[in-house]
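Undergrad: Questions regarding the structure given below will be posed in turn.
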Amino acid sequence: MKQKNPNILLILADDLGFSDLGSFGGEINTPNLDQLANDGLRFTQYYNSARCCPSRASLLSGLYPHQADVGEMTADLETPGYRGYLKDQCVTLAEVLKEDGYHTYLSGKWHVGEKGPIERGFDEFYGILGG
């Protein structure tokens with residue numbers, strides 16, 4: 001019998017500290033997020049990039065932001081690592097998961113270039129493309 005693939009939910013929240021959520025010892029009452037975290041897998045060694053665009057690029061691609069060409073924000077600085085959009089040579093998490101039969105959805109802010117989430121493997125997108 002084929003084992004069912006697990007559901008995956010990734011949440012990237014700007015301006016949220018590591019210990020703000022209850023499941024990480026924080027003072028904010030977050031029972032629904034706590035239950036998701038306690039029943040699943042939590043990132044305990046994910047490092048953000050101090051800016052939203054590079055952090056998103058890293059989470060989406062599994063690469064350092066400069067390797068994905070989003071080393072700063074979305075302005076094209078015409079320098080490798082600082083093109084301001086996810087380069088075509090990197091794959092997104094959605095593109096990889098789709099190959100294994102997953103349905104992928106993105107809600108919120110894309111903010112990693114003009115080529116949107118649908119073109120980068122997501123089945124549906126609810127949000128804004130820019131910042």
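Naming works like this for the structure tokens: A, B, ... for the chains as they're shown, residue 1 at the start of each chain, ligands 1 onward in shown order.
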Find the spatial neighbours of Asn32 of chain A, counting only C-alpha atoms, within a cut-off of 10 Å - ignore same-chain residues fewer than 6 positions away - and output them as a VMD selection string.

TA: chain A and resid 22 to 23 38

Undergrad: Which residues in chain A does DSSP call strand (DSSP E or B)? List them as a list in words.

TA: Tyr105, Leu106, Ser107, Gly108, Lys109, Glu124, Phe125, Tyr126, Gly127 and Ile128 of chain A

Undergrad: Atoms to include: N, CA and C atoms. Write the selected residues as a PDB file, in the first residue's frame.

TA:
```pdb
ATOM      1  N   TYR A 105      -0.241  25.945  -3.058  1.00  0.00           N
ATOM      2  CA  TYR A 105      -0.966  27.209  -2.980  1.00  0.00           C
ATOM      3  C   TYR A 105      -0.107  28.216  -2.236  1.00  0.00           C
ATOM      4  N   LEU A 106      -0.191  29.462  -2.652  1.00  0.00           N
ATOM      5  CA  LEU A 106       0.526  30.527  -1.967  1.00  0.00           C
ATOM      6  C   LEU A 106      -0.478  31.621  -1.644  1.00  0.00           C
ATOM      7  N   SER A 107      -0.452  32.057  -0.413  1.00  0.00           N
ATOM      8  CA  SER A 107      -1.307  33.147   0.024  1.00  0.00           C
ATOM      9  C   SER A 107      -0.429  34.209   0.672  1.00  0.00           C
ATOM     10  N   GLY A 108      -0.615  35.458   0.270  1.00  0.00           N
ATOM     11  CA  GLY A 108       0.163  36.536   0.854  1.00  0.00           C
ATOM     12  C   GLY A 108       0.959  37.288  -0.183  1.00  0.00           C
ATOM     13  N   LYS A 109       2.159  37.647   0.183  1.00  0.00           N
ATOM     14  CA  LYS A 109       3.006  38.481  -0.671  1.00  0.00           C
ATOM     15  C   LYS A 109       4.049  37.613  -1.372  1.00  0.00           C
ATOM     16  N   GLU A 124      -2.251  27.708  -7.342  1.00  0.00           N
ATOM     17  CA  GLU A 124      -3.096  28.880  -7.135  1.00  0.00           C
ATOM     18  C   GLU A 124      -2.367  29.885  -6.269  1.00  0.00           C
ATOM     19  N   PHE A 125      -2.732  31.160  -6.444  1.00  0.00           N
ATOM     20  CA  PHE A 125      -2.106  32.243  -5.707  1.00  0.00           C
ATOM     21  C   PHE A 125      -3.164  33.254  -5.294  1.00  0.00           C
ATOM     22  N   TYR A 126      -3.158  33.615  -4.035  1.00  0.00           N
ATOM     23  CA  TYR A 126      -4.065  34.611  -3.490  1.00  0.00           C
ATOM     24  C   TYR A 126      -3.221  35.633  -2.766  1.00  0.00           C
ATOM     25  N   GLY A 127      -3.007  36.800  -3.363  1.00  0.00           N
ATOM     26  CA  GLY A 127      -2.181  37.787  -2.697  1.00  0.00           C
ATOM     27  C   GLY A 127      -1.736  38.886  -3.631  1.00  0.00           C
ATOM     28  N   ILE A 128      -0.575  39.455  -3.312  1.00  0.00           N
ATOM     29  CA  ILE A 128      -0.016  40.529  -4.131  1.00  0.00           C
ATOM     30  C   ILE A 128       1.362  40.113  -4.631  1.00  0.00           C
TER      31      ILE A 128
END
```

Undergrad: What does the distance from atom CA of Glu95 of chain A to atom CA of Phe122 of chain A come to in Å, to one decimal?

TA: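 Between these atoms lies a distance of 7.2 Å.
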
Undergrad: Rounded to one decimal place, report the atom CA of Ile11 of chain A-atom CA of Pro117 of chain A distance in Å.

TA: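 Taking atom CA of Ile11 of chain A and atom CA of Pro117 of chain A, their separation equals 15.7 Å.
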
Undergrad: Using atom CA of Leu97 of chain A and atom CA of Val112 of chain A as the two end points, give the distance in Å to one decimal.

TA: 19.1 Å

Undergrad: Could you give me, as a ChimeraX atom specification, the residues within 8 Å of segment 62-74 of chain A, counting only C-alpha atoms and dropping anything in the same chain fewer than 5 positions from it?

TA: /A:49,51-55,57,80-87,90,92-93,111-113

Undergrad: Find the residues around Tyr46 of chain A up to 10 Å (only C-alpha atoms counted), leave out those fewer than 2 positions away in its own chain, and share them as a PyMOL selection string.

TA: chain A and resi 18+42-44+48-49+55+58-59

Undergrad: Please save N, CA, C and O atoms of the selected residues as a CSV table (one decimal), in the first residue's frame.

TA:
```
chain,number,residue,atom,x,y,z
A,18,PHE,N,11.5,35.0,17.0
A,18,PHE,CA,11.6,33.6,17.2
A,18,PHE,C,10.7,33.1,18.3
A,18,PHE,O,10.0,32.1,18.2
A,42,ARG,N,9.0,21.6,13.1
A,42,ARG,CA,9.2,23.0,13.3
A,42,ARG,C,10.7,23.3,12.8
A,42,ARG,O,11.6,22.6,13.1
A,43,PHE,N,10.8,24.4,12.2
A,43,PHE,CA,12.2,24.9,11.8
A,43,PHE,C,12.8,25.5,13.1
A,43,PHE,O,12.3,26.4,13.7
A,44,THR,N,13.9,24.9,13.5
A,44,THR,CA,14.6,25.5,14.7
A,44,THR,C,15.9,26.1,14.4
A,44,THR,O,16.6,26.6,15.2
A,48,ASN,N,16.9,33.9,8.9
A,48,ASN,CA,16.3,34.9,8.0
A,48,ASN,C,17.4,35.8,7.4
A,48,ASN,O,18.5,35.7,7.9
A,49,SER,N,17.1,36.6,6.5
A,49,SER,CA,18.1,37.4,5.8
A,49,SER,C,17.9,38.9,6.2
A,49,SER,O,18.3,39.8,5.5
A,55,SER,N,14.7,36.6,2.4
A,55,SER,CA,14.2,35.5,3.2
A,55,SER,C,13.2,34.6,2.4
A,55,SER,O,13.3,33.4,2.5
A,58,SER,N,15.1,32.5,-0.2
A,58,SER,CA,15.7,31.4,0.4
A,58,SER,C,14.8,30.3,0.8
A,58,SER,O,15.0,29.1,0.5
A,59,LEU,N,13.6,30.6,1.4
A,59,LEU,CA,12.7,29.6,1.8
A,59,LEU,C,12.0,28.9,0.5
A,59,LEU,O,11.8,27.7,0.5
```

Undergrad: Using only C-alpha atoms, find the one residue out of A:Ile8, A:Thr79, A:Gln3, A:Ser19 that sits nearest to Tyr102 of chain A.

TA: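 Residue with the minimum atom-to-atom distance to Tyr102 of chain A: A:Ile8.
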
Undergrad: Skip Val91 of chain A itself and residues of its chain fewer than 4 positions away, then list as a list of chain:residue names all residues within 8 Å of it, counting only C-alpha atoms.

TA: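 The neighbour list is A:Ser61, A:Glu95, A:Val96, A:Arg120.
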
Undergrad: Going by DSSP on the backbone, which residues of segment 8-112 of chain A come out as helix (DSSP H, G or I)? List them as a PyMOL selection string.

TA: chain A and resi 22-24+31-39+52-61+93-99
